[in-house]
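Data block for final-v7.tsv (TSV, C-alpha atoms):
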chain	number	residue	atom	x	y	z
A	1	MET	CA	40.91	78.56	-163.30
A	2	SER	CA	41.44	78.69	-167.04
A	3	ILE	CA	38.40	77.79	-169.12
A	4	GLU	CA	38.79	76.83	-172.77
A	5	ARG	CA	36.24	78.61	-174.96
A	6	SER	CA	35.46	76.83	-178.21
A	7	ASP	CA	33.82	78.55	-181.17
A	8	LEU	CA	30.57	76.89	-180.11
A	9	SER	CA	30.80	78.24	-176.56
A	10	GLU	CA	31.53	81.71	-177.97
A	11	GLU	CA	28.44	81.44	-180.14
A	12	ARG	CA	26.39	80.45	-177.10
A	13	ALA	CA	27.71	83.34	-175.07
A	14	LEU	CA	26.66	85.75	-177.82
A	15	SER	CA	23.30	84.05	-178.32
A	16	PHE	CA	21.70	85.64	-175.26
A	17	GLY	CA	21.03	88.90	-177.09
A	18	ARG	CA	18.67	87.02	-179.41
A	19	VAL	CA	16.57	85.80	-176.50
A	20	ALA	CA	16.72	88.90	-174.29
A	21	GLU	CA	12.93	89.13	-174.10
A	22	SER	CA	12.38	85.54	-172.96
A	23	TYR	CA	15.46	85.74	-170.71
A	24	GLN	CA	13.94	88.66	-168.81
A	25	ALA	CA	10.45	87.13	-168.74
A	26	ALA	CA	11.39	83.64	-167.63
A	27	ARG	CA	14.77	83.44	-165.90
A	28	PRO	CA	14.59	82.94	-162.12
A	29	THR	CA	15.57	85.54	-159.56
A	30	TYR	CA	17.88	84.71	-156.63
A	31	PRO	CA	16.91	84.00	-153.02
A	32	ASP	CA	17.47	86.75	-150.45
A	33	ALA	CA	19.60	84.44	-148.32
A	34	ALA	CA	22.06	84.03	-151.19
A	35	ILE	CA	22.36	87.79	-151.67
A	36	ASP	CA	22.87	88.25	-147.92
A	37	TRP	CA	25.78	85.79	-148.08
A	38	LEU	CA	27.33	87.18	-151.27
A	39	VAL	CA	27.16	90.91	-150.49
A	40	PRO	CA	28.17	92.11	-147.01
A	41	GLU	CA	26.07	94.78	-145.31
A	42	ARG	CA	28.95	97.24	-145.26
A	43	ALA	CA	29.29	97.17	-149.06
A	44	GLY	CA	28.53	100.48	-150.73
A	45	ARG	CA	29.34	100.20	-154.43
A	46	VAL	CA	28.79	96.91	-156.25
A	47	LEU	CA	29.59	95.99	-159.83
A	48	ASP	CA	27.36	93.31	-161.36
A	49	LEU	CA	29.43	91.67	-164.09
A	50	GLY	CA	27.68	89.86	-166.94
A	51	ALA	CA	24.49	91.49	-165.69
A	52	GLY	CA	22.24	90.32	-168.53
A	53	THR	CA	18.82	91.93	-168.32
A	54	GLY	CA	19.37	92.75	-164.64
A	55	LYS	CA	17.92	89.78	-162.75
A	56	PHE	CA	20.60	89.93	-160.07
A	57	THR	CA	21.17	93.67	-160.52
A	58	GLU	CA	17.61	94.41	-159.46
A	59	SER	CA	18.14	92.63	-156.14
A	60	LEU	CA	21.22	94.76	-155.48
A	61	VAL	CA	19.37	97.98	-156.32
A	62	SER	CA	16.50	97.05	-154.00
A	63	ARG	CA	18.99	97.03	-151.11
A	64	GLY	CA	19.95	100.64	-151.71
A	65	LEU	CA	23.40	99.84	-153.11
A	66	ASP	CA	25.23	101.99	-155.64
A	67	VAL	CA	25.29	99.59	-158.59
A	68	ILE	CA	27.23	99.47	-161.85
A	69	ALA	CA	26.03	96.87	-164.35
A	70	VAL	CA	28.45	95.62	-167.02
A	71	GLU	CA	27.19	93.39	-169.86
A	72	PRO	CA	28.68	92.51	-173.28
A	73	SER	CA	25.36	92.14	-175.15
A	74	ALA	CA	23.86	95.43	-176.33
A	75	GLU	CA	20.40	93.84	-176.52
A	76	MET	CA	20.56	92.56	-172.96
A	77	LEU	CA	21.95	95.87	-171.71
A	78	GLN	CA	19.10	97.75	-173.35
A	79	LYS	CA	16.56	95.59	-171.50
A	80	LEU	CA	18.39	96.26	-168.23
A	81	ALA	CA	18.42	100.02	-168.84
A	82	GLU	CA	14.70	100.03	-169.62
A	83	ARG	CA	13.87	98.17	-166.41
A	84	LEU	CA	16.42	99.83	-164.14
A	85	PRO	CA	16.95	103.37	-165.46
A	86	THR	CA	18.81	104.55	-162.35
A	87	VAL	CA	21.56	101.93	-162.75
A	88	ASP	CA	24.89	102.93	-164.26
A	89	ALA	CA	24.83	100.45	-167.18
A	90	ARG	CA	27.98	100.00	-169.27
A	91	GLN	CA	28.85	97.68	-172.14
A	92	GLY	CA	31.95	95.64	-171.41
A	93	THR	CA	33.34	92.21	-170.57
A	94	ALA	CA	34.97	90.52	-167.61
A	95	GLU	CA	38.28	90.71	-169.43
A	96	SER	CA	37.96	94.46	-170.09
A	97	ILE	CA	35.84	96.22	-167.46
A	98	PRO	CA	35.07	99.91	-168.16
A	99	VAL	CA	35.63	101.04	-164.57
A	100	VAL	CA	38.53	102.88	-162.91
A	101	ASP	CA	40.96	101.22	-160.51
A	102	ALA	CA	40.00	100.47	-156.89
A	103	SER	CA	36.48	101.85	-157.21
A	104	VAL	CA	34.06	99.07	-156.07
A	105	ASP	CA	33.61	97.04	-152.89
A	106	VAL	CA	32.13	93.89	-154.44
A	107	VAL	CA	32.04	92.33	-157.90
A	108	THR	CA	29.14	89.93	-158.40
A	109	VAL	CA	28.88	87.43	-161.26
A	110	ALA	CA	25.50	85.73	-161.50
A	111	GLN	CA	25.12	82.78	-163.86
A	112	ALA	CA	28.02	83.97	-166.02
A	113	TRP	CA	31.43	82.94	-164.64
A	114	HIS	CA	31.59	79.90	-166.93
A	115	TRP	CA	31.64	82.24	-169.95
A	116	VAL	CA	34.69	84.08	-168.63
A	117	ASP	CA	38.36	83.74	-169.55
A	118	ALA	CA	39.42	83.58	-165.91
A	119	ASP	CA	43.14	84.09	-166.66
A	120	ALA	CA	42.32	87.55	-168.04
A	121	ALA	CA	39.29	88.35	-165.90
A	122	VAL	CA	40.72	87.74	-162.42
A	123	PRO	CA	43.47	90.41	-162.67
A	124	GLU	CA	40.94	92.81	-164.19
A	125	ILE	CA	38.52	92.25	-161.31
A	126	ALA	CA	41.35	92.66	-158.82
A	127	ARG	CA	42.21	95.99	-160.50
A	128	ILE	CA	38.78	97.53	-159.93
A	129	LEU	CA	38.22	96.23	-156.39
A	130	ARG	CA	39.03	98.33	-153.36
A	131	PRO	CA	41.42	96.83	-150.74
A	132	SER	CA	39.94	93.64	-149.25
A	133	GLY	CA	37.16	93.77	-151.86
A	134	LEU	CA	35.03	90.72	-152.56
A	135	LEU	CA	34.45	88.64	-155.70
A	136	SER	CA	31.11	86.81	-155.41
A	137	LEU	CA	29.92	84.14	-157.85
A	138	VAL	CA	26.47	82.54	-157.95
A	139	TRP	CA	24.59	79.96	-160.01
A	140	ASN	CA	20.98	78.81	-159.93
A	141	MET	CA	20.85	75.10	-160.82
A	142	HIS	CA	17.94	72.73	-161.23
A	143	ASP	CA	17.74	70.41	-158.23
A	144	ASP	CA	17.83	67.06	-160.00
A	145	ARG	CA	17.41	65.15	-156.76
A	146	ILE	CA	13.70	65.50	-157.59
A	147	ALA	CA	12.55	62.73	-159.95
A	148	TRP	CA	10.78	64.78	-162.63
A	149	VAL	CA	13.61	67.32	-162.72
A	150	GLN	CA	16.10	64.50	-163.24
A	151	GLU	CA	14.02	63.31	-166.20
A	152	MET	CA	14.00	66.83	-167.65
A	153	GLU	CA	17.76	67.09	-167.20
A	154	GLU	CA	18.22	63.81	-169.05
A	155	VAL	CA	16.42	65.34	-172.04
A	156	LEU	CA	18.40	68.57	-171.85
A	157	GLY	CA	21.61	66.71	-171.09
A	158	LYS	CA	21.54	65.08	-174.52
A	159	LEU	CA	22.07	68.51	-176.09
A	160	PRO	CA	25.65	69.76	-176.71
A	161	ARG	CA	25.78	71.80	-173.52
A	162	PHE	CA	28.70	73.94	-172.43
A	163	ASN	CA	30.66	71.73	-170.04
A	164	VAL	CA	30.68	73.44	-166.66
A	165	GLU	CA	31.79	71.68	-163.51
A	166	TYR	CA	29.94	73.31	-160.62
A	167	GLU	CA	32.67	72.94	-158.05
A	168	THR	CA	34.73	75.38	-156.03
A	169	PRO	CA	36.21	77.84	-158.55
A	170	GLN	CA	39.98	78.19	-158.54
A	171	ILE	CA	40.32	81.98	-158.61
A	172	GLY	CA	44.06	82.22	-158.00
A	173	GLU	CA	46.67	83.90	-155.85
A	174	LEU	CA	45.32	87.44	-156.19
A	175	PHE	CA	42.48	86.36	-153.90
A	176	GLY	CA	42.30	84.45	-150.64
A	177	ASP	CA	40.58	81.13	-150.06
A	178	VAL	CA	37.23	80.58	-151.76
A	179	GLU	CA	34.29	80.09	-149.40
A	180	SER	CA	31.24	78.19	-150.67
A	181	TRP	CA	27.62	77.87	-149.57
A	182	THR	CA	24.46	76.43	-151.12
A	183	THR	CA	20.78	77.03	-150.44
A	184	SER	CA	17.67	75.35	-151.85
A	185	TRP	CA	14.34	76.89	-152.86
A	186	THR	CA	11.43	76.35	-155.23
A	187	ARG	CA	10.01	78.52	-157.96
A	188	PRO	CA	6.32	78.35	-158.92
A	189	LEU	CA	5.60	78.55	-162.64
A	190	THR	CA	3.15	77.39	-165.28
A	191	LEU	CA	3.87	74.96	-168.09
A	192	THR	CA	3.85	77.88	-170.53
A	193	GLU	CA	6.37	79.76	-168.39
A	194	LEU	CA	8.54	76.64	-168.32
A	195	ASP	CA	8.52	76.62	-172.14
A	196	THR	CA	9.58	80.28	-172.25
A	197	TYR	CA	12.31	79.63	-169.70
A	198	LEU	CA	13.75	76.72	-171.66
A	199	ARG	CA	13.80	78.81	-174.85
A	200	SER	CA	16.05	81.30	-173.03
A	201	LEU	CA	18.74	78.66	-172.42
A	202	SER	CA	21.62	79.04	-174.86
A	203	TYR	CA	21.82	75.34	-175.68
A	204	VAL	CA	18.12	75.34	-176.60
A	205	SER	CA	17.92	78.72	-178.35
A	206	LEU	CA	20.60	77.75	-180.88
A	207	LYS	CA	18.67	74.68	-182.06
A	208	SER	CA	16.50	74.85	-185.17
A	209	PRO	CA	12.76	75.51	-184.61
A	210	PRO	CA	11.78	71.84	-185.24
A	211	GLU	CA	14.50	70.66	-182.82
A	212	GLN	CA	13.38	73.15	-180.20
A	213	ALA	CA	9.78	72.01	-180.58
A	214	GLU	CA	10.79	68.38	-180.04
A	215	ILE	CA	12.75	69.24	-176.89
A	216	LEU	CA	9.95	71.37	-175.47
A	217	ASP	CA	7.32	68.72	-176.23
A	218	ARG	CA	9.33	66.09	-174.39
A	219	VAL	CA	9.91	68.31	-171.38
A	220	ARG	CA	6.25	69.40	-171.32
A	221	ALA	CA	5.16	65.75	-171.16
A	222	ILE	CA	7.46	65.18	-168.17
A	223	ALA	CA	6.42	68.40	-166.42
A	224	SER	CA	2.70	67.82	-167.04
A	225	ASP	CA	2.83	64.66	-164.96
A	226	ALA	CA	4.39	66.66	-162.09
A	227	ALA	CA	2.04	69.64	-162.38
A	228	ALA	CA	-0.98	70.36	-160.22
A	229	ALA	CA	-4.50	70.18	-161.65
A	230	ASP	CA	-4.36	73.89	-162.55
A	231	GLY	CA	-1.22	73.39	-164.65
A	232	THR	CA	1.23	74.93	-162.20
A	233	LEU	CA	4.33	73.26	-160.81
A	234	GLU	CA	7.22	73.93	-158.45
A	235	LEU	CA	10.65	73.94	-160.07
A	236	PRO	CA	13.25	73.22	-157.36
A	237	TYR	CA	16.60	74.97	-157.42
A	238	LEU	CA	19.94	74.82	-155.68
A	239	THR	CA	21.66	78.21	-155.56
A	240	GLU	CA	25.41	77.70	-155.30
A	241	CYS	CA	27.43	80.64	-153.96
A	242	HIS	CA	31.17	81.28	-153.82
A	243	ARG	CA	33.12	84.27	-152.54
A	244	ALA	CA	36.78	85.24	-152.22
A	245	ARG	CA	38.41	88.34	-150.80
A	246	LEU	CA	41.14	90.31	-152.56
A	247	SER	CA	44.48	89.57	-150.95
A	248	ASP	CA	46.41	92.40	-149.29

Using structure tokens, write down the structure that the file contains.
Amino acid sequence: MSIERSDLSEERALSFGRVAESYQAARPTYPDAAIDWLVPERAGRVLDLGAGTGKFTESLVSRGLDVIAVEPSAEMLQKLAERLPTVDARQGTAESIPVVDASVDVVTVAQAWHWVDADAAVPEIARILRPSGLLSLVWNMHDDRIAWVQEMEEVLGKLPRFNVEYETPQIGELFGDVESWTTSWTRPLTLTELDTYLRSLSYVSLKSPPEQAEILDRVRAIASDAAAADGTLELPYLTECHRARLSD
């Protein structure tokens, strides 16, 4: 699937380095069931593409896998290396992966495929995968079937967000059919942690400080009504997973 990247989307993609600290502190992890589905037990070497500060990478490492992390942002990669010093961390992009041919069993892309030029990235991923290797994509999304989350999304939805259609990705003829699966879960957090999380979102972080403050104030008012007496709340997620195997 070819994705058009405007100058604004490019700026957003590069903005994550500026918020590496809040990204690491506040972004959600991924449920074990999703990782089970995305990475087969027989996998040995996995490349985590667009690894960020290592949220998904850490889950792969905890399973005893041999992991390479590739990330374009030097700031994000530094955070990953500090947290996960045993990981082979390399600066690179999906369109130019610094790995030799046919050397990994699985390529994972967590919360990053929508930043990719798929026309260039898919052949590059096919190049580094071993025969019958797997490309696995995953997104955490707010579950807006819950009333207060829908209200929050309405506030955030008025921002100029990168237009991503969360549907079955069209990966192309180098891979077989795309399989899809979704799981739901909830994440406990405080109102302060919610603020930090929202600041890590590209379409919030690029706003001016007064604009950010207005957005966060509006979301805090919505979330406060949904929070428990101690100021904590449960943020519901849908984790959407896709996988496709390299064709023979």

Could you produce a table of the residues of segment 113-150 of chain A lying within 12 Å of segment 23-41 of chain A, with the nearest pair of atoms per residue and their separation in Å rounded to one decimal, using only C-alpha atoms, ordered by chain and increasing residue number, as a Markdown table?
| residue | atom | partner | partner_atom | distance |
| --- | --- | --- | --- | --- |
| A:Gly133 | CA | A:Pro40 | CA | 10.3 |
| A:Leu134 | CA | A:Val39 | CA | 8.1 |
| A:Leu135 | CA | A:Leu38 | CA | 8.5 |
| A:Ser136 | CA | A:Leu38 | CA | 5.6 |
| A:Leu137 | CA | A:Leu38 | CA | 7.7 |
| A:Val138 | CA | A:Leu38 | CA | 8.2 |
| A:Trp139 | CA | A:Tyr30 | CA | 8.9 |
| A:Asn140 | CA | A:Tyr30 | CA | 7.4 |
| A:Met141 | CA | A:Pro28 | CA | 10.1 |
| A:His142 | CA | A:Pro28 | CA | 10.8 |

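Considering the residues A:Ala226, A:Leu60, A:Ala120, A:Ala221 and counting only C-alpha atoms, Ile97 of chain A has its shortest atom-to-atom contact with A:Ala120.
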
>> Need the shell around segment 168-176 of chain A: protein/DNA/RNA residues with any atom at most 12 Å away, counting only C-alpha atoms. Skip same-chain ones fewer than 2 positions apart. Format as a VMD selection string?
In response: chain A and resid 1 to 3 113 to 114 116 to 127 129 131 to 139 164 to 166 178 to 182 240 to 248

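Here atom CA of Pro209 of chain A and atom CA of Ser73 of chain A stand 22.9 Å from one another.
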
> Could you tell me, as a ChimeraX atom specification, which residues have any atom at most 12 Å from (14.8, 73.4, -179.1), counting only C-alpha atoms?
Replying inline: /A:155-156,158-160,195-219

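One finds atom CA of Gln91 of chain A at 6.9 Å from atom CA of Ala74 of chain A.
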
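Atom pair atom CA of Arg145 of chain A / atom CA of Ala112 of chain A has a distance of 23.5 Å (rounded to one decimal).
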
Could you list as a short mmCIF file (atom, residue, chain, number, x, y, z; two decimals) with C-alpha atoms, in the coordinates of the input every residue that has an atom within 12 Å of (24.0, 96.6, -176.5), using the file's coordinates and counting only C-alpha atoms?
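As written to disk, point-v7.cif reads:
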data_model
loop_
_atom_site.label_atom_id
_atom_site.label_comp_id
_atom_site.auth_asym_id
_atom_site.auth_seq_id
_atom_site.Cartn_x
_atom_site.Cartn_y
_atom_site.Cartn_z
CA LEU A 14 26.66 85.75 -177.82
CA PHE A 16 21.70 85.64 -175.26
CA GLY A 17 21.03 88.90 -177.09
CA ARG A 18 18.67 87.02 -179.41
CA ALA A 20 16.72 88.90 -174.29
CA ALA A 51 24.49 91.49 -165.69
CA GLY A 52 22.24 90.32 -168.53
CA THR A 53 18.82 91.93 -168.32
CA VAL A 70 28.45 95.62 -167.02
CA GLU A 71 27.19 93.39 -169.86
CA PRO A 72 28.68 92.51 -173.28
CA SER A 73 25.36 92.14 -175.15
CA ALA A 74 23.86 95.43 -176.33
CA GLU A 75 20.40 93.84 -176.52
CA MET A 76 20.56 92.56 -172.96
CA LEU A 77 21.95 95.87 -171.71
CA GLN A 78 19.10 97.75 -173.35
CA LYS A 79 16.56 95.59 -171.50
CA LEU A 80 18.39 96.26 -168.23
CA ALA A 81 18.42 100.02 -168.84
CA ALA A 89 24.83 100.45 -167.18
CA ARG A 90 27.98 100.00 -169.27
CA GLN A 91 28.85 97.68 -172.14
CA GLY A 92 31.95 95.64 -171.41
CA THR A 93 33.34 92.21 -170.57
#

>> Given only C-alpha atoms as the basis, pick out the residue of A:Pro85, A:Gly54, A:Leu47, A:Trp148 nearest to Val100 of chain A.
In response: A:Leu47

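Residue nearest Asp144 of chain A within the list A:Thr108, A:Asp225, A:Ser184, A:Ser103: A:Ser184 [criterion: smallest interatomic distance, all atoms listed in the file].
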